[in-house]
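Taking it in order: structure first as structure tokens, then the write-up.
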Amino acid sequence: MYSDFGDILTIIASLLVPIVGLIVLAKVIGGILGSTSGRYGTVSDSYHAWLYVIQQQHVGVIERLGKFHQVVGPGFHVRLPVVDRVRDVNLMTEDEHITFDAKTEDNVTIELDVSVQYHVDYSQPVDGPSGIYKSLYTLTDPVAQMKDYFADALRSQIPSRQLDEVFTEKDAIANAIDEIVSEKMLEYGYVIVTTLITSIKLPADVQQSMNRIIASKNDLESAKNEAEAERQKTVIAARAKAEAMEAEGRGIANQRVAIAQGIRDSIDVIQGSQLSSEEANRLFEYTQHIGMMEAFAQAGASTVVLPSEFSQAAPVLRDLLVSEQARTGE
């Protein structure tokens, strides 16, 4: 009877050993391969397995009996059950998008989208606690605290600027709040890499007003450009006309000089033909008269008014009046 009972215990033991071994092996493998969810992208839940692996760009913070013990780097590690607790800290740069409301100096409420890149301070301090230590043990919610600091810094910058200045000085505002918040967050073990204002949103009515203002400015600038172009055209045309008249005047002057030179030469020739001065003048007047009549005929004139006698210097108007009186009998 006892022999049968012992056999039964032996069989049960032989079955339990591999089962327990499988359970332990599964725990070990689960501890090595299992991943933990991050808290705010920097600190994850604790490792609970005996064996665990710290990934690259992560560190493990070992708490022994509830007290900070040491920081371990990436690789394979063994945890003392019950005694040690291992917390994973992510050292990679995180990107947080935050939206803030603020009022400008000219009482326009705007919405700003801010992108903040940050990471745990992994530099080695000369003295004092490290950034990894401070990131774990100084703030319970570092991202929420960072948002509050950014909101306070941003709302101290926007009210001192007009709406147009917010757009033109966007980078200066981002740099200003970055300097303010970076100094404060470094005390908690976090480094602010960069701060960017990615978007500035306006109320719909303000946006429409700005569009109208921009359109009016563009129309005014276009009108100024057109007026300037028209003025330039007028100036150029007047300058061209003045230059043309100047050239024409020089041409007329040269023509008159040439005529005078020709007249003098003609008189010299006539006087050289042994004519008296009076005869020479009469001949010259006659040739000038014939030349004028020839040019007048070539111009296609249909009416010609001539004096009744060329020997007299009587005005043509008096001849016309005498002829008209004779015709009407008055």
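Going through the structure tokens in order, the chains are called A, B, and so on, while each chain numbers its residues from 1 and the ligands are numbered from 1 in the order shown.
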Neighbour list for Lys147 in chain A as a ChimeraX atom specification, cut-off 8 Å, only C-alpha atoms, skip fewer than 4 positions in-chain: /A:98,143,151
Write a file of the just-selected residues containing N, CA and C atoms, as a short mmCIF file (atom, residue, chain, number, x, y, z; two decimals), in the first residue's frame.
```cif
data_model
loop_
_atom_site.label_atom_id
_atom_site.label_comp_id
_atom_site.auth_asym_id
_atom_site.auth_seq_id
_atom_site.Cartn_x
_atom_site.Cartn_y
_atom_site.Cartn_z
N ILE A 98 1.83 72.05 -27.86
CA ILE A 98 1.01 72.74 -26.86
C ILE A 98 0.29 73.90 -27.55
N VAL A 143 5.73 67.16 -17.68
CA VAL A 143 5.16 67.78 -18.88
C VAL A 143 4.13 68.83 -18.52
N ALA A 151 3.18 78.56 -20.72
CA ALA A 151 2.00 79.43 -20.75
C ALA A 151 2.28 80.76 -20.05
#
```
Per-residue DSSP, range 94-185 of chain A, filtered to strand (DSSP E), as an NGL selection string: :A and (94-103 or 109-120)
Selected residue of minimal separation from Ile192 in chain A among A:Gln117, A:Thr10, A:Gln145, A:Gln298, counting only C-alpha atoms: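 Closest to Ile192 in chain A of all the choices is A:Gln117.
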Test item: residues at most 7 Å from range 167-177 of chain A, only C-alpha atoms, excluding those fewer than 2 positions along its chain, as a PyMOL selection string: chain A and resi 150+153-154+157+163-165+179-181+195-197
Output C-alpha atoms for every residue in that selection, as a JSON list (two decimals), in the first residue's frame.
```json
[["chain", "number", "residue", "atom", "x", "y", "z"],
["A", 150, "PHE", "CA", 5.49, 78.00, -21.20],
["A", 153, "ALA", "CA", 6.28, 82.95, -20.29],
["A", 154, "LEU", "CA", 4.24, 83.25, -23.47],
["A", 157, "GLN", "CA", 5.51, 88.25, -24.11],
["A", 163, "LEU", "CA", -0.76, 91.90, -33.59],
["A", 164, "ASP", "CA", 1.53, 92.73, -36.51],
["A", 165, "GLU", "CA", 4.55, 92.53, -34.21],
["A", 179, "GLU", "CA", 15.39, 80.95, -22.46],
["A", 180, "ILE", "CA", 12.96, 81.50, -19.58],
["A", 181, "VAL", "CA", 11.61, 77.95, -19.47],
["A", 195, "THR", "CA", 10.93, 75.94, -29.01],
["A", 196, "LEU", "CA", 9.01, 76.75, -32.17],
["A", 197, "ILE", "CA", 5.81, 78.74, -32.68]]
```
Best match for closeness to Val72 in chain A among A:Leu51, A:Ile110, A:Val235, A:Val89, counting only C-alpha atoms: A:Val89
Among the residues A:Glu248, A:Asp88, A:Asp141, A:Glu105, the one that comes closest to Tyr188 in chain A [using only C-alpha atoms]: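 Ranking A:Glu248, A:Asp88, A:Asp141, A:Glu105 by distance to Tyr188 in chain A, first place goes to A:Asp141.
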Members of range 81-266 of chain A assigned helix (DSSP H, G or I) by DSSP, as a ChimeraX atom specification: /A:131-137,142-160,163-168,170-186,204-266
Please identify all polymer residues within 10 Å of Ser160 in chain A, counting only C-alpha atoms, omitting same-chain residues fewer than 6 positions from it, and present them as a compact mmCIF listing (two decimals) with N, CA and C atoms, in the first residue's frame.
```txt
# COMPACT_ATOMS: atom_id res chain seq x y z
N LYS A 103 -3.66 87.39 -25.46
CA LYS A 103 -4.23 88.63 -25.98
C LYS A 103 -3.11 89.61 -26.27
N THR A 104 -3.15 90.20 -27.46
CA THR A 104 -2.12 91.16 -27.86
C THR A 104 -2.39 92.52 -27.25
N GLU A 105 -1.46 93.45 -27.46
CA GLU A 105 -1.60 94.79 -26.90
C GLU A 105 -2.80 95.52 -27.47
N ASP A 106 -3.17 95.22 -28.73
CA ASP A 106 -4.34 95.85 -29.34
C ASP A 106 -5.60 95.01 -29.16
N VAL A 166 3.54 90.46 -33.41
CA VAL A 166 3.57 89.04 -33.06
C VAL A 166 3.97 88.20 -34.27
```
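The residue that comes closest to Phe100 in chain A, out of A:Arg282, A:Arg155, A:Arg87, A:Lys241 and on the basis of only C-alpha atoms, is A:Arg155.
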Do a neighbour search on Arg64 in chain A at 9 Å with only C-alpha atoms, toss out local chain neighbours closer than 6 positions, and write the hits as a PDB file with N, CA and C atoms, in the first residue's frame.
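Contents of result_2.pdb, as written:
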```
ATOM      1  N   GLN A  70      21.410  53.201  -7.755  1.00  0.00           N
ATOM      2  CA  GLN A  70      22.353  53.529  -8.818  1.00  0.00           C
ATOM      3  C   GLN A  70      21.624  53.591 -10.162  1.00  0.00           C
ATOM      4  N   LEU A  80      17.542  41.874  -8.071  1.00  0.00           N
ATOM      5  CA  LEU A  80      17.330  41.123  -6.839  1.00  0.00           C
ATOM      6  C   LEU A  80      15.849  41.147  -6.495  1.00  0.00           C
ATOM      7  N   VAL A  82      12.330  41.271  -4.761  1.00  0.00           N
ATOM      8  CA  VAL A  82      11.819  41.870  -3.530  1.00  0.00           C
ATOM      9  C   VAL A  82      12.647  43.079  -3.099  1.00  0.00           C
ATOM     10  N   VAL A  83      13.978  42.987  -3.219  1.00  0.00           N
ATOM     11  CA  VAL A  83      14.860  44.044  -2.722  1.00  0.00           C
ATOM     12  C   VAL A  83      14.917  45.222  -3.690  1.00  0.00           C
ATOM     13  N   ASP A  84      15.106  44.907  -4.984  1.00  0.00           N
ATOM     14  CA  ASP A  84      15.324  45.957  -5.983  1.00  0.00           C
ATOM     15  C   ASP A  84      14.071  46.227  -6.801  1.00  0.00           C
ATOM     16  N   ARG A  85      13.961  47.519  -7.176  1.00  0.00           N
ATOM     17  CA  ARG A  85      12.949  47.946  -8.155  1.00  0.00           C
ATOM     18  C   ARG A  85      13.694  48.723  -9.231  1.00  0.00           C
ATOM     19  N   VAL A  86      13.462  48.406 -10.505  1.00  0.00           N
ATOM     20  CA  VAL A  86      14.173  49.037 -11.621  1.00  0.00           C
ATOM     21  C   VAL A  86      13.184  49.873 -12.431  1.00  0.00           C
TER      22      VAL A  86
END
```
For CA of Ala223 in chain A and CA of Ala242 in chain A, the interatomic separation in Å (one decimal):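 Rounded to one decimal, the two atoms are 28.2 Å apart.
Excluding Tyr133 in chain A itself and same-chain residues fewer than 4 positions from it, the residues having an atom within 9 Å of it are Val61, Phe68, Val71, Pro129, Tyr137, Thr138, Tyr188 and Gly189 of chain A, counting only C-alpha atoms.
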For Ser130 in chain A: contacts at 10 Å, only C-alpha atoms, fewer than 5 positions along chain excluded, given as a PyMOL selection string: chain A and resi 121-125+135+188-189
File dump, residues just selected, C-alpha atoms, as a CSV table (one decimal), in the first residue's frame:
```csv
chain,number,residue,atom,x,y,z
A,121,ASP,CA,19.5,65.9,-18.8
A,122,TYR,CA,22.0,63.0,-19.1
A,123,SER,CA,25.2,65.1,-18.6
A,124,GLN,CA,27.4,64.1,-15.7
A,125,PRO,CA,27.5,66.8,-13.1
A,135,SER,CA,13.9,64.0,-13.5
A,188,TYR,CA,14.2,69.5,-12.7
A,189,GLY,CA,16.5,67.5,-14.9
```
